[in-house]
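Everything below belongs to input-v9.tsv, which stores TSV, C-alpha atoms and all ligand atoms.
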```
chain	number	residue	atom	x	y	z
A	129	LYS	CA	117.96	-17.92	-44.37
A	130	GLU	CA	118.01	-17.55	-40.61
A	131	THR	CA	116.75	-20.45	-38.55
A	132	VAL	CA	113.71	-20.07	-36.31
A	133	VAL	CA	112.96	-22.47	-33.46
A	134	SER	CA	110.06	-22.37	-31.04
A	135	GLY	CA	107.79	-24.72	-29.16
A	136	ILE	CA	104.74	-24.88	-26.97
A	137	ARG	CA	104.34	-27.33	-24.11
A	138	SER	CA	101.67	-29.99	-24.39
A	139	THR	CA	99.71	-29.09	-21.30
A	140	GLY	CA	96.28	-28.72	-22.91
A	141	LYS	CA	94.40	-26.58	-25.36
A	142	LEU	CA	96.06	-23.38	-26.56
A	143	HIS	CA	94.78	-20.03	-25.33
A	144	LEU	CA	94.97	-16.46	-26.61
A	145	GLY	CA	98.26	-15.95	-24.76
A	146	ASN	CA	99.88	-18.78	-26.72
A	147	TYR	CA	98.32	-17.47	-29.91
A	148	TYR	CA	99.32	-13.82	-29.70
A	149	GLY	CA	102.60	-14.47	-27.87
A	150	ALA	CA	103.81	-17.25	-30.11
A	151	LEU	CA	101.65	-19.11	-32.62
A	152	ARG	CA	100.56	-16.14	-34.72
A	153	ASN	CA	104.18	-15.21	-35.25
A	154	PHE	CA	105.04	-18.80	-36.20
A	155	VAL	CA	102.59	-18.58	-39.07
A	156	LYS	CA	104.05	-15.35	-40.35
A	157	MET	CA	107.68	-16.34	-39.91
A	158	GLN	CA	107.40	-19.50	-41.97
A	159	GLU	CA	107.17	-17.32	-45.09
A	160	GLU	CA	110.58	-15.81	-44.44
A	161	TYR	CA	112.70	-18.22	-42.45
A	162	ASN	CA	113.80	-21.81	-42.05
A	163	CYS	CA	111.40	-22.81	-39.26
A	164	PHE	CA	111.27	-25.61	-36.68
A	165	PHE	CA	108.10	-25.64	-34.59
A	166	PHE	CA	107.78	-28.41	-32.06
A	167	ILE	CA	105.53	-29.66	-29.28
A	168	ALA	CA	107.50	-29.58	-26.02
A	169	ASP	CA	106.20	-32.82	-24.52
A	170	LEU	CA	109.40	-33.48	-22.56
A	171	HIS	CA	109.08	-30.08	-20.88
A	172	SER	CA	105.53	-30.88	-19.88
A	173	LEU	CA	106.76	-33.87	-17.83
A	174	THR	CA	107.80	-31.55	-14.98
A	175	THR	CA	104.16	-31.63	-13.82
A	176	HIS	CA	103.74	-35.42	-14.22
A	177	PRO	CA	100.82	-35.73	-16.65
A	178	THR	CA	99.20	-39.18	-16.78
A	179	PRO	CA	100.29	-41.19	-19.85
A	180	GLY	CA	96.82	-40.92	-21.39
A	181	ASP	CA	96.68	-37.15	-20.97
A	182	LEU	CA	100.13	-36.68	-22.44
A	183	GLY	CA	99.30	-38.48	-25.69
A	184	ARG	CA	96.05	-36.59	-26.11
A	185	THR	CA	97.49	-33.15	-25.42
A	186	VAL	CA	100.44	-33.66	-27.77
A	187	ARG	CA	98.03	-34.44	-30.57
A	188	GLU	CA	95.84	-31.47	-29.65
A	189	VAL	CA	98.75	-29.06	-30.02
A	190	VAL	CA	99.73	-30.53	-33.40
A	191	VAL	CA	96.16	-30.05	-34.60
A	192	GLU	CA	96.04	-26.47	-33.32
A	193	TYR	CA	99.38	-25.64	-35.00
A	194	LEU	CA	97.92	-26.82	-38.29
A	195	ALA	CA	94.59	-25.11	-37.69
A	196	ALA	CA	96.36	-21.82	-37.00
A	197	GLY	CA	98.02	-22.06	-40.39
A	198	ILE	CA	101.45	-23.60	-39.91
A	199	ASP	CA	102.14	-25.27	-43.22
A	200	PRO	CA	104.05	-28.56	-42.93
A	201	GLU	CA	105.47	-28.02	-46.40
A	202	LYS	CA	107.09	-24.77	-45.30
A	203	SER	CA	107.90	-25.46	-41.65
A	204	THR	CA	109.18	-28.49	-39.82
A	205	ILE	CA	106.53	-29.49	-37.27
A	206	TYR	CA	107.72	-32.15	-34.86
A	207	ILE	CA	107.27	-33.63	-31.42
A	208	GLN	CA	110.22	-33.03	-29.09
A	209	SER	CA	110.40	-36.64	-27.90
A	210	ASP	CA	110.58	-37.88	-31.51
A	211	VAL	CA	114.07	-36.38	-31.67
A	212	PRO	CA	115.84	-37.82	-28.60
A	213	GLU	CA	119.12	-36.19	-29.65
A	214	VAL	CA	117.91	-33.21	-27.64
A	215	ALA	CA	118.20	-35.29	-24.46
A	216	GLU	CA	121.83	-36.07	-25.24
A	217	LEU	CA	122.62	-32.42	-25.84
A	218	TYR	CA	120.80	-31.60	-22.60
A	219	LEU	CA	123.15	-33.92	-20.72
A	220	TYR	CA	126.21	-32.19	-22.15
A	221	MET	CA	124.87	-28.69	-21.55
A	222	ASN	CA	123.93	-29.52	-17.95
A	223	MET	CA	127.65	-29.86	-17.23
A	224	ASN	CA	128.08	-26.14	-17.50
A	225	ALA	CA	124.80	-24.76	-16.25
A	226	TYR	CA	125.30	-23.62	-12.68
A	227	LEU	CA	123.00	-24.16	-9.73
A	228	GLY	CA	123.02	-20.48	-8.74
A	229	GLU	CA	121.89	-19.16	-12.10
A	230	LEU	CA	119.24	-21.85	-12.46
A	231	GLU	CA	117.83	-21.08	-9.02
A	232	ARG	CA	117.66	-17.38	-9.84
A	233	ALA	CA	115.47	-17.85	-12.94
A	234	THR	CA	112.15	-16.06	-12.44
A	235	ALA	CA	110.04	-18.84	-13.95
A	236	PHE	CA	111.70	-21.36	-11.60
A	237	LYS	CA	111.09	-19.17	-8.54
A	238	ASP	CA	107.44	-18.69	-9.56
A	239	LYS	CA	106.95	-22.43	-9.91
A	240	VAL	CA	108.58	-23.13	-6.54
A	241	ARG	CA	106.24	-20.62	-4.94
A	242	ALA	CA	103.17	-22.01	-6.70
A	243	ASN	CA	103.99	-25.65	-6.10
A	244	PRO	CA	106.50	-26.16	-3.26
A	245	ASP	CA	105.81	-29.91	-3.15
A	246	ASN	CA	107.17	-30.56	-6.62
A	247	VAL	CA	110.52	-28.83	-6.92
A	248	ASN	CA	112.14	-31.49	-9.08
A	249	ALA	CA	115.49	-31.33	-10.88
A	250	GLY	CA	113.72	-31.24	-14.25
A	251	LEU	CA	112.07	-28.01	-13.25
A	252	LEU	CA	115.41	-26.54	-12.21
A	253	THR	CA	117.06	-27.48	-15.51
A	254	TYR	CA	114.05	-26.59	-17.66
A	255	PRO	CA	115.97	-23.65	-19.20
A	256	VAL	CA	118.82	-25.98	-20.16
A	257	LEU	CA	116.50	-28.27	-22.11
A	258	MET	CA	114.89	-25.21	-23.69
A	259	ALA	CA	118.32	-23.90	-24.71
A	260	CYS	CA	119.07	-27.30	-26.26
A	261	ASP	CA	115.86	-27.19	-28.34
A	262	ILE	CA	117.19	-24.01	-29.90
A	263	LEU	CA	120.89	-24.88	-30.09
A	264	LEU	CA	120.14	-28.28	-31.62
A	265	HIS	CA	119.09	-26.55	-34.86
A	266	HIS	CA	121.27	-23.45	-34.49
A	267	GLY	CA	118.22	-21.23	-34.16
A	268	THR	CA	118.79	-17.47	-33.99
A	269	LYS	CA	115.23	-16.15	-33.85
A	270	VAL	CA	112.78	-17.48	-31.29
A	271	PRO	CA	109.17	-16.29	-31.38
A	272	VAL	CA	107.93	-16.31	-27.77
A	273	GLY	CA	105.93	-14.22	-25.32
A	274	LYS	CA	107.41	-11.84	-22.78
A	275	ASP	CA	107.59	-14.52	-20.06
A	276	GLN	CA	110.29	-16.39	-22.01
A	277	GLU	CA	112.73	-13.54	-22.41
A	278	GLN	CA	114.93	-14.59	-19.53
A	279	HIS	CA	115.13	-18.14	-20.87
A	280	LEU	CA	116.52	-16.73	-24.11
A	281	GLU	CA	119.13	-14.83	-22.17
A	282	MET	CA	120.11	-18.09	-20.48
A	283	THR	CA	120.26	-19.83	-23.86
A	284	ARG	CA	122.85	-17.27	-24.98
A	285	THR	CA	124.79	-17.73	-21.74
A	286	PHE	CA	124.94	-21.51	-22.14
A	287	GLY	CA	125.89	-21.35	-25.81
A	288	ASN	CA	128.60	-18.75	-25.25
A	289	ARG	CA	129.97	-20.65	-22.28
A	290	PHE	CA	130.25	-23.79	-24.37
A	291	ASN	CA	132.06	-21.85	-27.10
A	292	ARG	CA	134.52	-20.43	-24.55
A	293	LEU	CA	135.13	-23.72	-22.77
A	294	TYR	CA	136.03	-25.52	-25.99
A	295	GLN	CA	137.41	-22.45	-27.75
A	296	VAL	CA	135.12	-22.82	-30.70
A	297	ASP	CA	132.75	-20.52	-32.48
A	298	TYR	CA	130.05	-23.14	-32.70
A	299	PHE	CA	126.77	-21.93	-31.20
A	300	LYS	CA	125.17	-18.74	-32.45
A	301	GLU	CA	123.24	-16.36	-30.22
A	302	ALA	CA	119.46	-16.64	-30.25
A	303	PHE	CA	117.07	-13.81	-29.50
A	304	ALA	CA	113.39	-13.65	-28.62
A	305	PHE	CA	111.42	-12.43	-31.61
A	306	THR	CA	108.15	-10.67	-32.23
A	307	TYR	CA	106.75	-8.61	-35.09
A	308	SER	CA	105.33	-6.04	-32.68
A	309	ASP	CA	107.47	-3.41	-30.97
A	310	LYS	CA	107.79	-5.38	-27.77
A	311	LEU	CA	107.34	-8.96	-26.58
A	312	VAL	CA	103.70	-9.74	-25.91
A	313	LYS	CA	102.08	-10.42	-22.56
A	314	ILE	CA	98.40	-11.27	-22.83
A	315	PRO	CA	96.57	-10.70	-19.56
A	316	GLY	CA	94.02	-13.15	-18.18
A	317	LEU	CA	90.33	-12.46	-17.69
A	318	ASP	CA	90.59	-12.78	-13.93
A	319	GLY	CA	91.83	-9.29	-13.25
A	320	ASN	CA	95.48	-9.94	-12.57
A	321	GLY	CA	98.54	-11.46	-14.15
A	322	LYS	CA	98.94	-13.16	-17.51
A	323	MET	CA	96.62	-15.53	-19.25
A	324	GLY	CA	97.67	-19.04	-18.31
A	325	LYS	CA	96.27	-22.30	-17.12
A	326	SER	CA	98.08	-22.00	-13.81
A	327	ASN	CA	95.97	-18.90	-13.17
A	328	GLY	CA	92.79	-20.92	-13.50
A	329	GLU	CA	90.46	-21.89	-16.33
A	330	ALA	CA	88.45	-18.68	-15.95
A	331	SER	CA	91.48	-16.61	-16.90
A	332	CYS	CA	91.82	-18.33	-20.29
A	333	VAL	CA	90.05	-18.03	-23.61
A	334	TYR	CA	90.95	-21.08	-25.68
A	335	LEU	CA	91.23	-21.10	-29.46
A	336	SER	CA	88.81	-24.02	-29.45
A	337	ASP	CA	86.20	-22.37	-27.18
A	338	ALA	CA	82.74	-22.15	-28.75
A	339	PRO	CA	81.48	-18.57	-29.29
A	340	ASP	CA	79.02	-18.87	-26.41
A	341	VAL	CA	81.72	-20.06	-24.05
A	342	ILE	CA	83.85	-17.06	-25.00
A	343	ARG	CA	80.91	-14.70	-24.43
A	344	LYS	CA	80.21	-16.18	-21.00
A	345	LYS	CA	83.84	-15.99	-19.90
A	346	VAL	CA	84.24	-12.39	-21.01
A	347	MET	CA	80.98	-11.24	-19.41
A	348	ARG	CA	82.15	-12.78	-16.14
A	349	ALA	CA	85.54	-11.05	-16.28
A	350	VAL	CA	86.34	-8.74	-13.40
A	351	SER	CA	85.41	-5.11	-14.05
A	352	ASP	CA	84.15	-2.48	-11.63
A	353	SER	CA	81.71	0.36	-11.29
A	354	GLY	CA	83.88	2.51	-13.50
A	355	PRO	CA	85.60	5.85	-13.44
A	356	THR	CA	84.08	8.74	-11.54
A	357	GLU	CA	86.50	11.39	-12.77
A	358	ILE	CA	87.57	12.19	-16.30
A	359	ASN	CA	90.94	10.83	-17.50
A	360	GLN	CA	91.32	8.66	-14.43
A	361	PRO	CA	94.07	5.99	-14.60
A	362	LYS	CA	92.65	2.52	-15.15
A	363	PRO	CA	92.63	-0.09	-12.39
A	364	GLU	CA	94.55	-3.26	-13.35
A	365	ALA	CA	91.50	-5.39	-14.17
A	366	ILE	CA	90.16	-2.73	-16.54
A	367	GLN	CA	93.54	-2.09	-18.12
A	368	ASN	CA	93.78	-5.82	-18.80
A	369	LEU	CA	90.49	-5.81	-20.70
A	370	PHE	CA	91.67	-2.82	-22.72
A	371	ASP	CA	94.93	-4.67	-23.44
A	372	LEU	CA	92.92	-7.62	-24.72
A	373	MET	CA	90.81	-5.31	-26.85
A	374	LYS	CA	94.00	-3.90	-28.31
A	375	VAL	CA	94.95	-7.30	-29.74
A	376	VAL	CA	91.58	-8.55	-30.92
A	377	SER	CA	89.65	-5.42	-31.95
A	378	LYS	CA	90.05	-2.75	-34.61
A	379	PRO	CA	91.95	0.38	-33.59
A	380	ASP	CA	88.75	2.42	-34.00
A	381	THR	CA	86.87	0.24	-31.57
A	382	LEU	CA	89.65	0.59	-29.03
A	383	SER	CA	89.80	4.36	-29.30
A	384	HIS	CA	86.01	4.59	-29.07
A	385	PHE	CA	86.00	2.82	-25.70
A	386	GLU	CA	89.08	4.73	-24.52
A	387	GLU	CA	87.12	7.89	-25.19
A	388	LEU	CA	84.08	6.60	-23.28
A	389	TYR	CA	86.31	5.63	-20.39
A	390	ASN	CA	88.02	8.98	-20.26
A	391	THR	CA	84.71	10.81	-20.27
A	392	CYS	CA	83.21	8.51	-17.59
A	393	THR	CA	80.49	7.34	-19.95
A	394	ILE	CA	81.68	3.78	-20.47
A	395	ARG	CA	79.24	0.95	-19.75
A	396	TYR	CA	81.20	-2.17	-18.98
A	397	GLY	CA	78.40	-4.43	-20.21
A	398	ASP	CA	78.65	-2.93	-23.70
A	399	PHE	CA	82.42	-2.86	-23.56
A	400	LYS	CA	82.63	-6.55	-22.68
A	401	LYS	CA	80.03	-7.49	-25.25
A	402	GLN	CA	82.12	-5.85	-27.96
A	403	LEU	CA	85.31	-7.46	-26.64
A	404	ALA	CA	83.66	-10.89	-26.68
A	405	GLU	CA	82.39	-10.47	-30.25
A	406	ASP	CA	85.82	-9.43	-31.45
A	407	MET	CA	87.38	-12.42	-29.71
A	408	VAL	CA	84.88	-14.71	-31.39
A	409	LEU	CA	85.77	-13.18	-34.76
A	410	ALA	CA	89.52	-13.32	-34.12
A	411	THR	CA	89.44	-17.00	-33.21
A	412	ASP	CA	86.87	-18.08	-35.77
A	413	PRO	CA	89.22	-19.17	-38.59
A	414	VAL	CA	91.29	-21.33	-36.24
A	415	ARG	CA	88.32	-22.74	-34.35
A	416	SER	CA	86.55	-23.85	-37.49
A	417	ARG	CA	89.58	-25.80	-38.73
A	418	ILE	CA	90.39	-27.56	-35.46
A	419	GLN	CA	87.60	-30.14	-35.74
A	420	GLU	CA	88.20	-30.76	-39.41
A	421	ILE	CA	91.93	-31.40	-39.00
A	422	SER	CA	91.45	-33.41	-35.84
A	423	ASN	CA	89.27	-35.87	-37.74
A	424	ASP	CA	91.98	-36.49	-40.31
A	425	GLN	CA	94.05	-38.98	-38.35
A	426	GLU	CA	96.19	-39.93	-41.32
A	427	TYR	CA	97.13	-36.34	-42.18
A	428	VAL	CA	98.20	-35.56	-38.60
A	429	GLN	CA	100.36	-38.69	-38.53
A	430	ARG	CA	101.96	-37.87	-41.84
A	431	VAL	CA	102.82	-34.35	-40.70
A	432	VAL	CA	104.60	-35.40	-37.51
A	433	LYS	CA	106.41	-38.27	-39.21
A	434	MET	CA	107.76	-35.97	-41.89
A	435	GLY	CA	108.68	-33.41	-39.21
A	436	ALA	CA	110.48	-35.99	-37.09
A	437	GLU	CA	112.58	-37.03	-40.10
A	438	LYS	CA	113.58	-33.48	-40.99
A	439	ALA	CA	114.30	-32.46	-37.39
A	440	SER	CA	116.30	-35.66	-36.75
A	441	GLU	CA	118.53	-34.98	-39.68
A	442	SER	CA	119.43	-31.55	-38.35
A	443	ALA	CA	119.79	-32.91	-34.79
A	444	ARG	CA	122.06	-35.81	-35.75
A	445	LYS	CA	124.44	-33.46	-37.49
A	446	THR	CA	124.69	-31.23	-34.41
A	447	ILE	CA	125.26	-34.18	-32.08
A	448	ARG	CA	128.01	-35.55	-34.33
A	449	GLU	CA	129.76	-32.19	-34.28
A	450	ILE	CA	129.29	-31.68	-30.54
A	451	ARG	CA	130.70	-35.12	-29.70
A	452	ASP	CA	133.67	-34.28	-31.83
A	453	ILE	CA	134.22	-30.91	-30.09
A	454	ILE	CA	133.87	-32.43	-26.62
A	455	GLY	CA	136.16	-35.32	-27.55
A	456	ILE	CA	133.73	-38.18	-27.25
A	457	LYS	CA	135.09	-40.81	-29.59
A	458	ARG	CA	134.40	-44.45	-30.18
A	459	LEU	CA	137.39	-46.70	-29.41
A	460	TYR	CA	136.20	-49.42	-31.76
A	501	LIG	P1	104.50	-22.53	-22.83
A	501	LIG	O1	103.76	-23.72	-23.29
A	501	LIG	O2	104.39	-22.13	-21.41
A	501	LIG	O3	104.11	-21.26	-23.71
A	501	LIG	C1	104.13	-21.34	-25.11
A	501	LIG	C2	104.27	-19.97	-25.72
A	501	LIG	O4	103.15	-19.14	-25.39
A	501	LIG	C3	103.60	-17.93	-24.84
A	501	LIG	N1	102.63	-17.46	-23.83
A	501	LIG	C4	102.22	-16.20	-23.73
A	501	LIG	N2	102.53	-15.10	-24.44
A	501	LIG	C5	101.93	-13.94	-24.10
A	501	LIG	N3	101.01	-13.85	-23.09
A	501	LIG	C6	100.65	-14.93	-22.37
A	501	LIG	N4	99.74	-14.83	-21.40
A	501	LIG	C7	101.28	-16.17	-22.67
A	501	LIG	N5	101.18	-17.42	-22.16
A	501	LIG	C8	102.01	-18.20	-22.88
A	501	LIG	C9	104.95	-18.24	-24.21
A	501	LIG	O5	105.72	-17.07	-24.06
A	501	LIG	C10	105.51	-19.20	-25.22
A	501	LIG	O6	106.07	-18.51	-26.31
A	501	LIG	N6	109.29	-22.73	-22.38
A	501	LIG	C11	108.38	-22.57	-23.50
A	501	LIG	C12	108.32	-23.82	-24.35
A	501	LIG	C13	109.62	-24.12	-24.99
A	501	LIG	C14	110.30	-23.33	-25.97
A	501	LIG	C15	111.50	-24.03	-26.27
A	501	LIG	C16	110.01	-22.13	-26.59
A	501	LIG	C17	110.39	-25.22	-24.77
A	501	LIG	N7	111.52	-25.17	-25.52
A	501	LIG	C18	112.41	-23.54	-27.23
A	501	LIG	C19	110.93	-21.64	-27.53
A	501	LIG	C20	112.09	-22.34	-27.83
A	501	LIG	C21	107.03	-22.13	-22.96
A	501	LIG	O7	106.90	-21.14	-22.34
A	501	LIG	O8	105.99	-22.88	-23.19
```
Before we go any further, please render this structure as structure tokens.
Amino acid sequence: KETVVSGIRSTGKLHLGNYYGALRNFVKMQEEYNCFFFIADLHSLTTHPTPGDLGRTVREVVVEYLAAGIDPEKSTIYIQSDVPEVAELYLYMNMNAYLGELERATAFKDKVRANPDNVNAGLLTYPVLMACDILLHHGTKVPVGKDQEQHLEMTRTFGNRFNRLYQVDYFKEAFAFTYSDKLVKIPGLDGNGKMGKSNGEASCVYLSDAPDVIRKKVMRAVSDSGPTEINQPKPEAIQNLFDLMKVVSKPDTLSHFEELYNTCTIRYGDFKKQLAEDMVLATDPVRSRIQEISNDQEYVQRVVKMGAEKASESARKTIREIRDIIGIKRLY
């Protein structure tokens, strides 16, 4: 069985981007592969969450993993910081990750632009830690959204470089994975870019949002006065709403509104109402389980404890082998 590794940062509640880009594939992949799904709490430290927030958000992500249908009997669910071996591997891998390539990473450049006051070294080496998450368990398939593709390319670079440096065939190549024909990018509701917290709360629909909250957010989404000519290309904000409809609605619904758009008879109020209802339906099974699981303190603890044990076992083996390859030996 191939090994699957993926994680989501603990920066708050999960949104539709996380769900369709990553989480939904996690649930499907656990039936076929040997899966490690973790909560990337160490990665979330780049933005300096307060200690109280960190603890709460880590737990929230665990609960949402379970609510989405990740089965702890099939998959290993763990918290990144529960397996500190990854930090040791990160130190080793940093020795052959080069400043130039790290500075060129798109996600790094975006973060520098968005937040020039917090360009810390952890942000620069974020892709190294991410590579180590994958390499630690010898993952080959990594379910992620489109925005992570470059990080996977870097993971292959670091692994191959290590193999060459020590003339071993140790690390395997990992590739971004999705069941659809291309990696997913879920747009936000604000008219431009992808759904993400850094693009503002209004851009995000959370899995835990109540139906009325979803309806309000969708009705407020940017649209316009609509096409005036038949078969007109869609402006970005409208295209985004159609893209969202493509993931949450039935194909018939989508083609119905495409038709209305192309014949200039679309009414955006109706269109958004339908989109909101389909989002409510799509998120309903997860939403209804979040509260229930969250209340079961003991179950959540048991899951992450079991996950930490399984992930540690795999991690300790890798670290033993890596130390041996590098030549780190005890003299006593
Ligand atoms: P994070 O928390 O930023 O995102 C978690 C996952 O959600 C996907 N995603 C999206 N997909 C489509 N459209 C969107 N609008 C959207 N927004 C988020 C991301 O692509 C990602 O799959 N660096 C990772 C966390 C990580 C990781 C790893 C992943 C750390 N180590 C090892 C895989 C393997 C990240 O982007 O987190």
Problem set entry | Neighbour list for region 251-264 of chain A as a list in words, cut-off 6 Å, all atoms listed in the file, skip fewer than 2 positions in-chain |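 Skipping anything fewer than 2 positions along the chain leaves Val133, Thr174, Tyr218, Asn248, Ala249, His266, Gly267, His279, Thr283 and Ala443 of chain A.
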Using all atoms listed in the file, find each residue of chain A with at least one atom at most 8 Å away from an atom of ligand LIG 501 (chain A); report its shortest atom-to-atom pair and that distance in Å (one decimal), sort the rows by chain and rising residue number, and return the result as a tab-separated table.
```
residue	atom	partner	partner_atom	distance
A:Val133	CA	A:LIG501	C20	5.7
A:Ser134	CA	A:LIG501	C19	3.7
A:Gly135	CA	A:LIG501	C16	4.3
A:Ile136	CA	A:LIG501	O1	4.0
A:Arg137	CA	A:LIG501	O1	3.7
A:Ser138	CA	A:LIG501	O1	6.7
A:Thr139	CA	A:LIG501	O1	7.0
A:His143	CA	A:LIG501	N5	7.6
A:Leu144	CA	A:LIG501	N4	7.2
A:Gly145	CA	A:LIG501	C6	3.5
A:Asn146	CA	A:LIG501	O4	3.5
A:Tyr147	CA	A:LIG501	O4	6.8
A:Tyr148	CA	A:LIG501	C5	6.2
A:Gly149	CA	A:LIG501	N2	3.5
A:Ala150	CA	A:LIG501	O6	4.6
A:Leu151	CA	A:LIG501	O4	7.4
A:Ile167	CA	A:LIG501	C17	8.0
A:Ala168	CA	A:LIG501	C17	5.4
A:His171	CA	A:LIG501	C17	6.4
A:Tyr254	CA	A:LIG501	N6	7.7
A:Pro255	CA	A:LIG501	N6	7.5
A:Leu257	CA	A:LIG501	N7	6.8
A:Met258	CA	A:LIG501	N7	3.8
A:Ala259	CA	A:LIG501	C18	6.4
A:Cys260	CA	A:LIG501	C18	7.7
A:Asp261	CA	A:LIG501	C18	5.1
A:Ile262	CA	A:LIG501	C18	5.5
A:Val270	CA	A:LIG501	C19	5.9
A:Pro271	CA	A:LIG501	O6	6.3
A:Val272	CA	A:LIG501	O6	3.2
A:Gly273	CA	A:LIG501	O5	3.1
A:Lys274	CA	A:LIG501	O5	5.6
A:Asp275	CA	A:LIG501	O5	5.1
A:Gln276	CA	A:LIG501	O5	5.1
A:His279	CA	A:LIG501	N6	7.6
A:Leu311	CA	A:LIG501	C5	7.8
A:Val312	CA	A:LIG501	C5	4.9
A:Lys313	CA	A:LIG501	N3	3.6
A:Ile314	CA	A:LIG501	N3	3.7
A:Pro315	CA	A:LIG501	N4	5.5
A:Gly316	CA	A:LIG501	N4	6.8
A:Lys322	CA	A:LIG501	N4	4.3
A:Met323	CA	A:LIG501	N4	3.9
A:Gly324	CA	A:LIG501	N5	5.5
```
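Residue nearest Leu369 (chain A) within the list A:Phe286, A:Tyr396, A:Tyr427, A:Tyr298: A:Tyr396 [criterion: smallest interatomic distance, all atoms listed in the file].
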Exercise. What is the distance between CA of Leu280 (chain A) and CA of Ala304 (chain A), in Å to one decimal?
Worked result: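 Between CA of Leu280 (chain A) and CA of Ala304 (chain A) the gap is 6.3 Å.
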Problem set entry | One-decimal distance in Å that lies between CA of Phe164 (chain A) and CA of Arg184 (chain A) |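 That distance, rounded to one decimal, is 21.5 Å.
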As a PDB file, in the frame of the given file, could you write out region 230-247 of chain A once it has been completed with N, CA and C atoms?
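Output contents, as saved in selection_16.pdb:
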```pdb
ATOM      1  N   LEU A 230     120.502 -21.153 -12.230  1.00  0.00           N
ATOM      2  CA  LEU A 230     119.240 -21.850 -12.460  1.00  0.00           C
ATOM      3  C   LEU A 230     118.222 -21.509 -11.369  1.00  0.00           C
ATOM      4  N   GLU A 231     118.721 -21.417 -10.137  1.00  0.00           N
ATOM      5  CA  GLU A 231     117.830 -21.080  -9.020  1.00  0.00           C
ATOM      6  C   GLU A 231     117.310 -19.650  -9.086  1.00  0.00           C
ATOM      7  N   ARG A 232     118.076 -18.793  -9.746  1.00  0.00           N
ATOM      8  CA  ARG A 232     117.660 -17.380  -9.840  1.00  0.00           C
ATOM      9  C   ARG A 232     116.630 -17.109 -10.935  1.00  0.00           C
ATOM     10  N   ALA A 233     116.410 -18.081 -11.815  1.00  0.00           N
ATOM     11  CA  ALA A 233     115.470 -17.850 -12.940  1.00  0.00           C
ATOM     12  C   ALA A 233     114.065 -17.555 -12.403  1.00  0.00           C
ATOM     13  N   THR A 234     113.473 -16.499 -12.933  1.00  0.00           N
ATOM     14  CA  THR A 234     112.150 -16.060 -12.440  1.00  0.00           C
ATOM     15  C   THR A 234     111.095 -17.150 -12.574  1.00  0.00           C
ATOM     16  N   ALA A 235     111.068 -17.815 -13.732  1.00  0.00           N
ATOM     17  CA  ALA A 235     110.040 -18.840 -13.950  1.00  0.00           C
ATOM     18  C   ALA A 235     110.192 -19.964 -12.926  1.00  0.00           C
ATOM     19  N   PHE A 236     111.453 -20.314 -12.605  1.00  0.00           N
ATOM     20  CA  PHE A 236     111.700 -21.360 -11.600  1.00  0.00           C
ATOM     21  C   PHE A 236     111.180 -20.903 -10.232  1.00  0.00           C
ATOM     22  N   LYS A 237     111.522 -19.677  -9.859  1.00  0.00           N
ATOM     23  CA  LYS A 237     111.090 -19.170  -8.540  1.00  0.00           C
ATOM     24  C   LYS A 237     109.563 -19.121  -8.448  1.00  0.00           C
ATOM     25  N   ASP A 238     108.920 -18.726  -9.550  1.00  0.00           N
ATOM     26  CA  ASP A 238     107.440 -18.690  -9.560  1.00  0.00           C
ATOM     27  C   ASP A 238     106.870 -20.079  -9.346  1.00  0.00           C
ATOM     28  N   LYS A 239     107.484 -21.070 -10.022  1.00  0.00           N
ATOM     29  CA  LYS A 239     106.950 -22.430  -9.910  1.00  0.00           C
ATOM     30  C   LYS A 239     107.170 -22.998  -8.518  1.00  0.00           C
ATOM     31  N   VAL A 240     108.299 -22.659  -7.909  1.00  0.00           N
ATOM     32  CA  VAL A 240     108.580 -23.130  -6.540  1.00  0.00           C
ATOM     33  C   VAL A 240     107.523 -22.555  -5.592  1.00  0.00           C
ATOM     34  N   ARG A 241     107.226 -21.284  -5.789  1.00  0.00           N
ATOM     35  CA  ARG A 241     106.240 -20.620  -4.940  1.00  0.00           C
ATOM     36  C   ARG A 241     104.861 -21.252  -5.137  1.00  0.00           C
ATOM     37  N   ALA A 242     104.511 -21.493  -6.402  1.00  0.00           N
ATOM     38  CA  ALA A 242     103.170 -22.010  -6.700  1.00  0.00           C
ATOM     39  C   ALA A 242     103.004 -23.464  -6.281  1.00  0.00           C
ATOM     40  N   ASN A 243     104.101 -24.204  -6.315  1.00  0.00           N
ATOM     41  CA  ASN A 243     103.990 -25.650  -6.100  1.00  0.00           C
ATOM     42  C   ASN A 243     105.193 -26.186  -5.322  1.00  0.00           C
ATOM     43  N   PRO A 244     105.302 -25.824  -4.046  1.00  0.00           N
ATOM     44  CA  PRO A 244     106.500 -26.160  -3.260  1.00  0.00           C
ATOM     45  C   PRO A 244     106.710 -27.666  -3.060  1.00  0.00           C
ATOM     46  N   ASP A 245     105.676 -28.466  -3.342  1.00  0.00           N
ATOM     47  CA  ASP A 245     105.810 -29.910  -3.150  1.00  0.00           C
ATOM     48  C   ASP A 245     106.436 -30.622  -4.337  1.00  0.00           C
ATOM     49  N   ASN A 246     106.655 -29.903  -5.424  1.00  0.00           N
ATOM     50  CA  ASN A 246     107.170 -30.560  -6.620  1.00  0.00           C
ATOM     51  C   ASN A 246     108.348 -29.809  -7.235  1.00  0.00           C
ATOM     52  N   VAL A 247     109.339 -29.526  -6.407  1.00  0.00           N
ATOM     53  CA  VAL A 247     110.520 -28.830  -6.920  1.00  0.00           C
ATOM     54  C   VAL A 247     111.517 -29.874  -7.396  1.00  0.00           C
TER      55      VAL A 247
END
```
